[in-house]
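Structure first, then comments.
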Amino acid sequence: MAESSRISRRQLLQWTGAGLLVNVAGTLLYDPIGKLSMPLNEAFQSLLLSSKPTPEFPISAIEPEKLIVNSFRGTPAIDLANFKLNISGAVNNPLSLTMADIDRMPHTSMVIQQVCVEGWAAIVQWGGVRLRDLAILAQPKPTAKYVYFKSADGYYESWDLASVLHPQTILADRMNGKELPAENGAPLRLASPIKLGYKQSKWVTEVVFANELLPKRGYWEDLGYEWFAGL
Ligand SMILES: Nc1nc2c(c(=O)[nH]1)N[C@H]1C(S)=C(S)[C@@H](COP(=O)(O)O)O[C@H]1N2
Ligand SMILES: [Mo]
């Protein structure tokens, strides 16, 4: 017992060590955006400890020419000065973050393959903040099992909580070493090696934790595509 709790404590400190420090009881020790929080619930903590990382590619493998812009309704106009990322729903600590708040959070970078069901794939480098770090700040309630992502172009998606908390699921603000281009989802888009392209919402404005899946599950899913869409 003592050994296993020591291991999980070390892992938890390691995963969040770049910025958000929590102890094994889930108490926030260091909170870079200044929101004090309550202990994390047990189901949430065990999900944080359960995911396996996907192997990444070297930077030399990036294929910028293969990345095809795929937007169902073009690029929406976004007022960056007034942009907010809202995190709400089944959380103890709803958040409304500016890009300055996001900039202050620990950033990560990964080179992964993006796969579109329309028959193309591209190796891309994404930089951004981990969804798990945002979730640690928002503090999902024990009943939360899904997360909805709403986008500025009217696109919507829903994910299972475990996939959201995967260490390589990020909200990206950089692509291939540069600021994320508008057509690829600026200021923030989902990027993850564990889901198909259509799960990776661009222009994300709302992250809503939910206890249940609603009849509207995702733009492509509601047209007949698979919901889990794992890679
Ligand atoms: N908001 C929004 N996100 C979206 C889409 C979209 O039309 N709107 N298209 C999806 C699809 S089908 C794919 S393959 C990827 C494409 O990302 P890219 O345009 O950066 O290559 O974005 C996904 N995210
Ligand atoms: Mo796609």
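As shown in the structure tokens, the chain order sets the letters A, B, ...; within each chain, residues go from 1, and ligands are also counted from 1 in the order they appear.
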Problem - Selection: 9 Å around A:Tyr146, only C-alpha atoms, excl. self and same-chain fewer than 6 positions, as JSON, numbers by chain - result: {"A": [158, 159, 160, 161, 162, 164, 208, 209, 210, 211, 212, 213]}
Practice task
Write out as a list in words each polymer residue (protein, DNA or RNA) that has an atom no more than 7 Å from ligand 2, with only C-alpha atoms and all ligand atoms counted.
Solution key: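 For ligand 2, the residues inside 7 Å are Asn70, Cys116, Val117, Glu118, Gly197 and Tyr198 of chain A.
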Practice task
For A:Gly177, list every protein, DNA or RNA residue within 12 Å, evaluated using only C-alpha atoms, and leave out those in the same chain fewer than 4 positions away; present the list as a VMD selection string.
Solution key: chain A and resid 59 to 60 62 64 108 to 111 124 to 128 172 to 173 181
Handout entry: Residue nearest A:Thr169 - candidates A:Pro140, A:Pro94, A:Gly218, A:Pro53, atoms counted: only C-alpha atoms
Key =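 Nearest to A:Thr169: A:Pro53.
Computed from the coordinates, the atom CA of A:Ile194 to atom CA of A:Trp227 distance equals 13.0 Å.
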